[in-house]
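S.K.: Got a file for you: run-v2.pdb, PDB, C-alpha atoms.
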MODEL        1
ATOM      1  CA  MET N   1      34.977  -5.622  -3.761  1.00  0.00           C
ATOM      2  CA  SER N   2      34.829  -3.371  -0.707  1.00  0.00           C
ATOM      3  CA  GLN N   3      37.301  -0.537  -0.472  1.00  0.00           C
ATOM      4  CA  THR N   4      38.829   0.465   2.810  1.00  0.00           C
ATOM      5  CA  LEU N   5      39.613   4.090   3.448  1.00  0.00           C
ATOM      6  CA  GLN N   6      42.381   3.228   5.898  1.00  0.00           C
ATOM      7  CA  GLU N   7      44.674   0.251   6.130  1.00  0.00           C
ATOM      8  CA  ASP N   8      42.774  -3.018   6.503  1.00  0.00           C
ATOM      9  CA  THR N   9      43.303  -4.462   9.983  1.00  0.00           C
ATOM     10  CA  SER N  10      42.902  -8.185  10.552  1.00  0.00           C
ATOM     11  CA  ILE N  11      43.635 -10.779  13.189  1.00  0.00           C
ATOM     12  CA  GLN N  12      43.473 -14.568  13.188  1.00  0.00           C
ATOM     13  CA  ILE N  13      41.498 -16.406  15.875  1.00  0.00           C
ATOM     14  CA  ASN N  14      41.834 -20.158  15.397  1.00  0.00           C
ATOM     15  CA  GLN N  15      40.851 -20.798  11.764  1.00  0.00           C
ATOM     16  CA  CYS N  16      38.845 -17.573  11.465  1.00  0.00           C
ATOM     17  CA  VAL N  17      39.917 -14.158  10.235  1.00  0.00           C
ATOM     18  CA  VAL N  18      38.472 -11.068  11.902  1.00  0.00           C
ATOM     19  CA  ARG N  19      38.808  -8.011   9.667  1.00  0.00           C
ATOM     20  CA  LEU N  20      38.114  -4.340  10.257  1.00  0.00           C
ATOM     21  CA  ILE N  21      37.051  -2.282   7.246  1.00  0.00           C
ATOM     22  CA  ARG N  22      35.510   1.097   6.640  1.00  0.00           C
ATOM     23  CA  ASP N  23      32.614   0.694   4.203  1.00  0.00           C
ATOM     24  CA  ASP N  24      28.825   0.603   3.839  1.00  0.00           C
ATOM     25  CA  ILE N  25      27.713  -2.661   5.457  1.00  0.00           C
ATOM     26  CA  THR N  26      24.680  -2.856   3.147  1.00  0.00           C
ATOM     27  CA  ASP N  27      27.000  -2.987   0.124  1.00  0.00           C
ATOM     28  CA  ILE N  28      29.397  -5.824   0.956  1.00  0.00           C
ATOM     29  CA  GLU N  29      29.252  -9.450  -0.166  1.00  0.00           C
ATOM     30  CA  VAL N  30      28.823 -11.734   2.850  1.00  0.00           C
ATOM     31  CA  ASP N  31      26.536 -14.568   3.845  1.00  0.00           C
ATOM     32  CA  ALA N  32      24.883 -12.198   6.312  1.00  0.00           C
ATOM     33  CA  PHE N  33      25.354  -8.857   7.970  1.00  0.00           C
ATOM     34  CA  VAL N  34      23.982  -7.766  11.310  1.00  0.00           C
ATOM     35  CA  TYR N  35      21.561  -4.863  11.501  1.00  0.00           C
ATOM     36  CA  TYR N  36      21.035  -3.120  14.855  1.00  0.00           C
ATOM     37  CA  ALA N  37      17.253  -3.438  14.743  1.00  0.00           C
ATOM     38  CA  GLN N  38      14.295  -1.728  16.352  1.00  0.00           C
ATOM     39  CA  HIS N  39      12.192  -3.783  18.787  1.00  0.00           C
ATOM     40  CA  ASP N  40       9.275  -3.758  16.288  1.00  0.00           C
ATOM     41  CA  LEU N  41      11.630  -4.761  13.424  1.00  0.00           C
ATOM     42  CA  ALA N  42      10.585  -1.735  11.360  1.00  0.00           C
ATOM     43  CA  LEU N  43      13.277  -0.622   8.924  1.00  0.00           C
ATOM     44  CA  GLY N  44      13.598   3.048   9.835  1.00  0.00           C
ATOM     45  CA  SER N  45      16.109   5.622   8.712  1.00  0.00           C
ATOM     46  CA  GLY N  46      19.888   5.320   8.342  1.00  0.00           C
ATOM     47  CA  PHE N  47      20.995   1.768   7.554  1.00  0.00           C
ATOM     48  CA  GLY N  48      17.389   0.599   7.988  1.00  0.00           C
ATOM     49  CA  GLY N  49      16.352   2.987   5.230  1.00  0.00           C
ATOM     50  CA  ALA N  50      19.213   1.745   3.045  1.00  0.00           C
ATOM     51  CA  ILE N  51      18.086  -1.855   3.613  1.00  0.00           C
ATOM     52  CA  ALA N  52      14.485  -0.962   2.741  1.00  0.00           C
ATOM     53  CA  VAL N  53      15.428   0.921  -0.432  1.00  0.00           C
ATOM     54  CA  ARG N  54      18.276  -1.226  -1.744  1.00  0.00           C
ATOM     55  CA  GLY N  55      16.941  -4.553  -0.513  1.00  0.00           C
ATOM     56  CA  GLY N  56      13.408  -3.899  -1.714  1.00  0.00           C
ATOM     57  CA  PRO N  57      10.051  -4.431   0.010  1.00  0.00           C
ATOM     58  CA  SER N  58      10.543  -8.178   0.514  1.00  0.00           C
ATOM     59  CA  VAL N  59      12.787  -7.583   3.548  1.00  0.00           C
ATOM     60  CA  GLN N  60      10.208  -5.568   5.521  1.00  0.00           C
ATOM     61  CA  LYS N  61       7.426  -7.894   4.369  1.00  0.00           C
ATOM     62  CA  GLU N  62       9.322 -10.855   5.835  1.00  0.00           C
ATOM     63  CA  LEU N  63      10.011  -8.940   9.070  1.00  0.00           C
ATOM     64  CA  ASP N  64       6.310  -8.137   9.449  1.00  0.00           C
ATOM     65  CA  GLU N  65       5.734 -11.869  10.062  1.00  0.00           C
ATOM     66  CA  PHE N  66       7.767 -11.774  13.298  1.00  0.00           C
ATOM     67  CA  ASP N  67       6.652 -10.618  16.724  1.00  0.00           C
ATOM     68  CA  PRO N  68       8.563  -7.703  18.259  1.00  0.00           C
ATOM     69  CA  LEU N  69      11.874  -8.679  19.867  1.00  0.00           C
ATOM     70  CA  GLU N  70      13.138  -7.935  23.336  1.00  0.00           C
ATOM     71  CA  THR N  71      16.541  -6.353  23.828  1.00  0.00           C
ATOM     72  CA  GLY N  72      19.130  -9.015  23.106  1.00  0.00           C
ATOM     73  CA  GLY N  73      16.971 -10.888  20.603  1.00  0.00           C
ATOM     74  CA  ALA N  74      18.031 -11.708  17.053  1.00  0.00           C
ATOM     75  CA  ILE N  75      16.260 -13.131  13.996  1.00  0.00           C
ATOM     76  CA  VAL N  76      17.286 -13.776  10.391  1.00  0.00           C
ATOM     77  CA  SER N  77      15.609 -12.536   7.222  1.00  0.00           C
ATOM     78  CA  GLY N  78      16.467 -12.612   3.560  1.00  0.00           C
ATOM     79  CA  ALA N  79      18.351  -9.617   2.187  1.00  0.00           C
ATOM     80  CA  GLY N  80      16.226  -8.964  -0.893  1.00  0.00           C
ATOM     81  CA  ASN N  81      18.296  -7.318  -3.623  1.00  0.00           C
ATOM     82  CA  LEU N  82      21.355  -6.643  -1.443  1.00  0.00           C
ATOM     83  CA  LYS N  83      24.725  -8.337  -2.059  1.00  0.00           C
ATOM     84  CA  ALA N  84      24.445 -10.259   1.234  1.00  0.00           C
ATOM     85  CA  ASP N  85      22.322 -13.394   1.294  1.00  0.00           C
ATOM     86  CA  SER N  86      20.700 -12.667   4.659  1.00  0.00           C
ATOM     87  CA  ILE N  87      20.370 -10.099   7.421  1.00  0.00           C
ATOM     88  CA  ILE N  88      20.590 -10.853  11.141  1.00  0.00           C
ATOM     89  CA  HIS N  89      18.339  -8.314  12.865  1.00  0.00           C
ATOM     90  CA  ALA N  90      19.623  -7.913  16.424  1.00  0.00           C
ATOM     91  CA  VAL N  91      18.009  -5.651  19.021  1.00  0.00           C
ATOM     92  CA  GLY N  92      20.672  -4.159  21.251  1.00  0.00           C
ATOM     93  CA  PRO N  93      20.628  -1.667  24.109  1.00  0.00           C
ATOM     94  CA  ARG N  94      19.859   1.979  23.499  1.00  0.00           C
ATOM     95  CA  PHE N  95      21.157   5.241  24.867  1.00  0.00           C
ATOM     96  CA  ARG N  96      21.676   5.137  28.616  1.00  0.00           C
ATOM     97  CA  GLU N  97      19.954   1.902  29.569  1.00  0.00           C
ATOM     98  CA  GLU N  98      21.159   0.032  32.615  1.00  0.00           C
ATOM     99  CA  ASP N  99      23.733  -2.713  32.013  1.00  0.00           C
ATOM    100  CA  ILE N 100      24.553  -1.660  28.445  1.00  0.00           C
ATOM    101  CA  GLU N 101      27.614  -3.918  28.323  1.00  0.00           C
ATOM    102  CA  GLY N 102      25.701  -6.985  29.533  1.00  0.00           C
ATOM    103  CA  LYS N 103      22.831  -6.368  27.121  1.00  0.00           C
ATOM    104  CA  LEU N 104      25.239  -5.780  24.243  1.00  0.00           C
ATOM    105  CA  ARG N 105      27.048  -9.017  25.131  1.00  0.00           C
ATOM    106  CA  THR N 106      23.719 -10.926  25.018  1.00  0.00           C
ATOM    107  CA  THR N 107      22.837  -9.314  21.672  1.00  0.00           C
ATOM    108  CA  MET N 108      26.189 -10.336  20.202  1.00  0.00           C
ATOM    109  CA  ILE N 109      25.901 -13.910  21.507  1.00  0.00           C
ATOM    110  CA  ASN N 110      22.433 -14.269  19.987  1.00  0.00           C
ATOM    111  CA  ALA N 111      23.515 -12.807  16.646  1.00  0.00           C
ATOM    112  CA  LEU N 112      26.401 -15.292  16.481  1.00  0.00           C
ATOM    113  CA  ARG N 113      24.048 -18.144  17.432  1.00  0.00           C
ATOM    114  CA  ARG N 114      21.725 -17.244  14.555  1.00  0.00           C
ATOM    115  CA  ALA N 115      24.740 -17.192  12.203  1.00  0.00           C
ATOM    116  CA  GLU N 116      25.798 -20.666  13.363  1.00  0.00           C
ATOM    117  CA  GLU N 117      22.245 -22.042  13.125  1.00  0.00           C
ATOM    118  CA  LYS N 118      22.025 -20.889   9.507  1.00  0.00           C
ATOM    119  CA  GLY N 119      25.509 -22.113   8.620  1.00  0.00           C
ATOM    120  CA  PHE N 120      26.831 -18.679   7.676  1.00  0.00           C
ATOM    121  CA  ARG N 121      30.577 -18.681   7.068  1.00  0.00           C
ATOM    122  CA  ARG N 122      31.169 -14.968   6.350  1.00  0.00           C
ATOM    123  CA  ILE N 123      29.355 -12.430   8.509  1.00  0.00           C
ATOM    124  CA  ALA N 124      29.667  -8.689   9.056  1.00  0.00           C
ATOM    125  CA  PHE N 125      28.862  -6.557  12.080  1.00  0.00           C
ATOM    126  CA  PRO N 126      28.532  -2.794  12.376  1.00  0.00           C
ATOM    127  CA  ALA N 127      29.894  -1.021  15.452  1.00  0.00           C
ATOM    128  CA  MET N 128      26.951  -2.300  17.493  1.00  0.00           C
ATOM    129  CA  GLY N 129      25.123   0.588  19.158  1.00  0.00           C
ATOM    130  CA  ALA N 130      27.877   3.134  18.499  1.00  0.00           C
ATOM    131  CA  GLY N 131      26.715   6.312  16.861  1.00  0.00           C
ATOM    132  CA  TYR N 132      22.968   6.856  16.923  1.00  0.00           C
ATOM    133  CA  TYR N 133      22.273   4.698  20.003  1.00  0.00           C
ATOM    134  CA  GLY N 134      24.924   6.411  22.083  1.00  0.00           C
ATOM    135  CA  ILE N 135      27.176   3.507  23.013  1.00  0.00           C
ATOM    136  CA  LEU N 136      30.743   4.744  23.092  1.00  0.00           C
ATOM    137  CA  PRO N 137      32.833   3.276  20.240  1.00  0.00           C
ATOM    138  CA  ALA N 138      35.420   1.976  22.731  1.00  0.00           C
ATOM    139  CA  VAL N 139      32.709   0.143  24.719  1.00  0.00           C
ATOM    140  CA  SER N 140      31.189  -1.291  21.544  1.00  0.00           C
ATOM    141  CA  ALA N 141      34.618  -2.453  20.342  1.00  0.00           C
ATOM    142  CA  GLU N 142      35.622  -4.016  23.647  1.00  0.00           C
ATOM    143  CA  VAL N 143      32.380  -5.941  24.178  1.00  0.00           C
ATOM    144  CA  MET N 144      32.000  -7.013  20.557  1.00  0.00           C
ATOM    145  CA  LEU N 145      35.551  -8.237  20.127  1.00  0.00           C
ATOM    146  CA  ASP N 146      35.506 -10.041  23.477  1.00  0.00           C
ATOM    147  CA  VAL N 147      32.341 -11.937  22.487  1.00  0.00           C
ATOM    148  CA  ILE N 148      33.617 -12.630  18.961  1.00  0.00           C
ATOM    149  CA  LYS N 149      36.956 -13.907  20.296  1.00  0.00           C
ATOM    150  CA  SER N 150      35.251 -16.165  22.866  1.00  0.00           C
ATOM    151  CA  HIS N 151      32.896 -17.527  20.221  1.00  0.00           C
ATOM    152  CA  LEU N 152      35.632 -18.220  17.669  1.00  0.00           C
ATOM    153  CA  GLU N 153      37.808 -19.966  20.247  1.00  0.00           C
ATOM    154  CA  GLY N 154      35.083 -22.621  20.481  1.00  0.00           C
ATOM    155  CA  GLU N 155      33.680 -24.889  17.804  1.00  0.00           C
ATOM    156  CA  THR N 156      32.421 -22.753  14.911  1.00  0.00           C
ATOM    157  CA  GLY N 157      31.629 -22.906  11.219  1.00  0.00           C
ATOM    158  CA  ILE N 158      32.357 -19.210  10.784  1.00  0.00           C
ATOM    159  CA  SER N 159      35.493 -18.520   8.733  1.00  0.00           C
ATOM    160  CA  GLU N 160      35.415 -14.715   8.521  1.00  0.00           C
ATOM    161  CA  VAL N 161      33.982 -11.951  10.678  1.00  0.00           C
ATOM    162  CA  ILE N 162      34.069  -8.448   9.256  1.00  0.00           C
ATOM    163  CA  ILE N 163      33.668  -5.419  11.479  1.00  0.00           C
ATOM    164  CA  CYS N 164      32.385  -2.800   9.067  1.00  0.00           C
ATOM    165  CA  VAL N 165      32.405   0.756  10.398  1.00  0.00           C
ATOM    166  CA  PHE N 166      31.618   4.073   8.830  1.00  0.00           C
ATOM    167  CA  ASP N 167      33.495   6.758  10.724  1.00  0.00           C
ATOM    168  CA  THR N 168      36.978   7.445  12.072  1.00  0.00           C
ATOM    169  CA  PRO N 169      36.235   7.297  15.836  1.00  0.00           C
ATOM    170  CA  GLN N 170      34.659   3.854  15.395  1.00  0.00           C
ATOM    171  CA  PHE N 171      37.498   2.648  13.162  1.00  0.00           C
ATOM    172  CA  ASN N 172      40.126   3.870  15.645  1.00  0.00           C
ATOM    173  CA  ALA N 173      38.364   2.257  18.631  1.00  0.00           C
ATOM    174  CA  PHE N 174      38.122  -1.112  16.897  1.00  0.00           C
ATOM    175  CA  GLN N 175      41.649  -0.937  15.513  1.00  0.00           C
ATOM    176  CA  SER N 176      43.046  -0.208  18.980  1.00  0.00           C
ATOM    177  CA  THR N 177      41.051  -3.007  20.605  1.00  0.00           C
ATOM    178  CA  MET N 178      42.026  -5.499  17.877  1.00  0.00           C
ATOM    179  CA  THR N 179      45.694  -4.599  18.272  1.00  0.00           C
ATOM    180  CA  ASN N 180      45.426  -5.355  21.997  1.00  0.00           C
ATOM    181  CA  LEU N 181      43.842  -8.775  21.296  1.00  0.00           C
ATOM    182  CA  ASN N 182      46.978 -10.016  19.521  1.00  0.00           C
TER     183      ASN N 182
ENDMDL
END
The structure in this file should be written as structure tokens.

M.R.:
Amino acid sequence: MSQTLQEDTSIQINQCVVRLIRDDITDIEVDAFVYYAQHDLALGSGFGGAIAVRGGPSVQKELDEFDPLETGGAIVSGAGNLKADSIIHAVGPRFREEDIEGKLRTTMINALRRAEEKGFRRIAFPAMGAGYYGILPAVSAEVMLDVIKSHLEGETGISEVIICVFDTPQFNAFQSTMTNLN
């Protein structure tokens, strides 16, 4: 069971619960979690390194069968030895690209489409692009939660979306944005 370091924040959107937790996304039990992938789908350092080590070589081996993805693209792989069943590898915008919000919106839409196509009911997202890729936590939170809310207001098989963050600025940005959605 995941532990939260601060109070768990959740909201209900139709029949789906959206929860905010502070944890390691590679160590939670869900149908799938989203990984903010490289264009070439190589599992690098950070969470990519954790996926490679904890998930085992089968994850990268499966990814090697795919062509590189453009920004906004998303594909699904197995999760190897991780607690999740699958990983949605989504390539989002980086650093100071033009139209970061639009590209992030497209990335989120495609990640949710892959989840629906595979019939995933419980999925987890990191703070997409926040941190290493330079997207401000408040921008990540606003775009992500807007797309998630719009998606869940339609017809969906998803019953739980977890936003799993690692640091306080990300947690605070998502908590504030979620509070304003109610």

S.K.: Got a sec: who's within 7 Å of range 94-107 of chain N, counting all atoms listed in the file, leaving out chain neighbours fewer than 6 positions off, as a ChimeraX atom specification?

M.R.: /N:72-73,129,133-135,143,147

S.K.: Run the PyMOL selection byres ((chain N and resi 140) around 9) on the file and write out the hits as a PyMOL selection string.

M.R.: chain N and resi 101+104+127-130+135-139+141-145+170+173-174

S.K.: May I have the residues from that selection written out with C-alpha atoms, as an mmCIF file, keeping the file's coordinate frame?

M.R.:
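Resulting contents of part.cif:
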data_model
loop_
_atom_site.group_PDB
_atom_site.id
_atom_site.type_symbol
_atom_site.label_atom_id
_atom_site.label_comp_id
_atom_site.auth_asym_id
_atom_site.auth_seq_id
_atom_site.Cartn_x
_atom_site.Cartn_y
_atom_site.Cartn_z
ATOM 1 C CA GLU N 101 27.614 -3.918 28.323
ATOM 2 C CA LEU N 104 25.239 -5.780 24.243
ATOM 3 C CA ALA N 127 29.894 -1.021 15.452
ATOM 4 C CA MET N 128 26.951 -2.300 17.493
ATOM 5 C CA GLY N 129 25.123 0.588 19.158
ATOM 6 C CA ALA N 130 27.877 3.134 18.499
ATOM 7 C CA ILE N 135 27.176 3.507 23.013
ATOM 8 C CA LEU N 136 30.743 4.744 23.092
ATOM 9 C CA PRO N 137 32.833 3.276 20.240
ATOM 10 C CA ALA N 138 35.420 1.976 22.731
ATOM 11 C CA VAL N 139 32.709 0.143 24.719
ATOM 12 C CA ALA N 141 34.618 -2.453 20.342
ATOM 13 C CA GLU N 142 35.622 -4.016 23.647
ATOM 14 C CA VAL N 143 32.380 -5.941 24.178
ATOM 15 C CA MET N 144 32.000 -7.013 20.557
ATOM 16 C CA LEU N 145 35.551 -8.237 20.127
ATOM 17 C CA GLN N 170 34.659 3.854 15.395
ATOM 18 C CA ALA N 173 38.364 2.257 18.631
ATOM 19 C CA PHE N 174 38.122 -1.112 16.897
#

S.K.: In terms of the shortest atom-to-atom distance over all atoms listed in the file, which of N:Val34, N:Val161, N:Leu41, N:Ile87 is closest to Glu70 in chain N?

M.R.: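 Between N:Val34, N:Val161, N:Leu41, N:Ile87, the residue approaching Glu70 in chain N most closely is N:Leu41.
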
S.K.: Can you list, as a PyMOL selection string, every protein, DNA or RNA residue that comes within 12 Å of Lys83 in chain N when you count all atoms listed in the file, leaving out same-chain residues fewer than 5 positions away?

M.R.: chain N and resi 1-2+24-33+51+54-55+78

S.K.: Find the residue from N:His89, N:Arg114, N:Arg121, N:Arg22 that sits nearest to Glu160 in chain N; use all atoms listed in the file when measuring.

M.R.: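 Nearest to Glu160 in chain N: N:Arg121.
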
S.K.: For Phe171 in chain N, which residue among N:Ala115, N:Asp23, N:Gln12, N:Val76 is the nearest when counting only C-alpha atoms?

M.R.: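 The shortest atom-to-atom distance to Phe171 in chain N comes from N:Asp23.
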
S.K.: I'd like the neighbourhood of Ile163 in chain N as a PyMOL selection string, where a residue qualifies if any of its atoms comes within 8 Å (using all atoms listed in the file), though same-chain residues fewer than 5 positions away should be ignored.

M.R.: chain N and resi 18-21+124-127

S.K.: Pick the closest to Glu153 in chain N from N:Gly80, N:Asp67, N:Gly48, N:Gln15: which is it, counting only C-alpha atoms?

M.R.: N:Gln15

S.K.: N:Asn14, N:Gln60, N:Thr71, N:Thr168: which is nearest Ile148 in chain N, counting only C-alpha atoms?

M.R.: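 So, comparing all the options, the nearest one is N:Asn14.
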
S.K.: As an exercise, work out the distance from CA of Ala50 in chain N to CA of Ala84 in chain N in Å and give it to one decimal place.

M.R.: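 Atom-to-atom, CA of Ala50 in chain N and CA of Ala84 in chain N are spaced 13.2 Å apart.
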
S.K.: Hey, can you check how far CA of Ala42 in chain N sits from CA of Pro68 in chain N?

M.R.: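 Atom-to-atom, CA of Ala42 in chain N and CA of Pro68 in chain N are spaced 9.3 Å apart.
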
S.K.: I need the residue set behind the PyMOL selection byres ((chain N and resi 155) around 12) for this file; please write it as a ChimeraX atom specification.

M.R.: /N:13-16,113,116,149-154,156-159

S.K.: I'd like the interatomic distance between CA of Thr9 in chain N and CA of Phe120 in chain N, to a tenth of an Å.

M.R.: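 Between CA of Thr9 in chain N and CA of Phe120 in chain N the gap works out to 21.9 Å.
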
S.K.: Using only C-alpha atoms, find the one residue out of N:His39, N:Phe47, N:Glu65, N:Ile109 that sits nearest to Val165 in chain N.

M.R.: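 Counting only C-alpha atoms, the residue closest to Val165 in chain N is N:Phe47.
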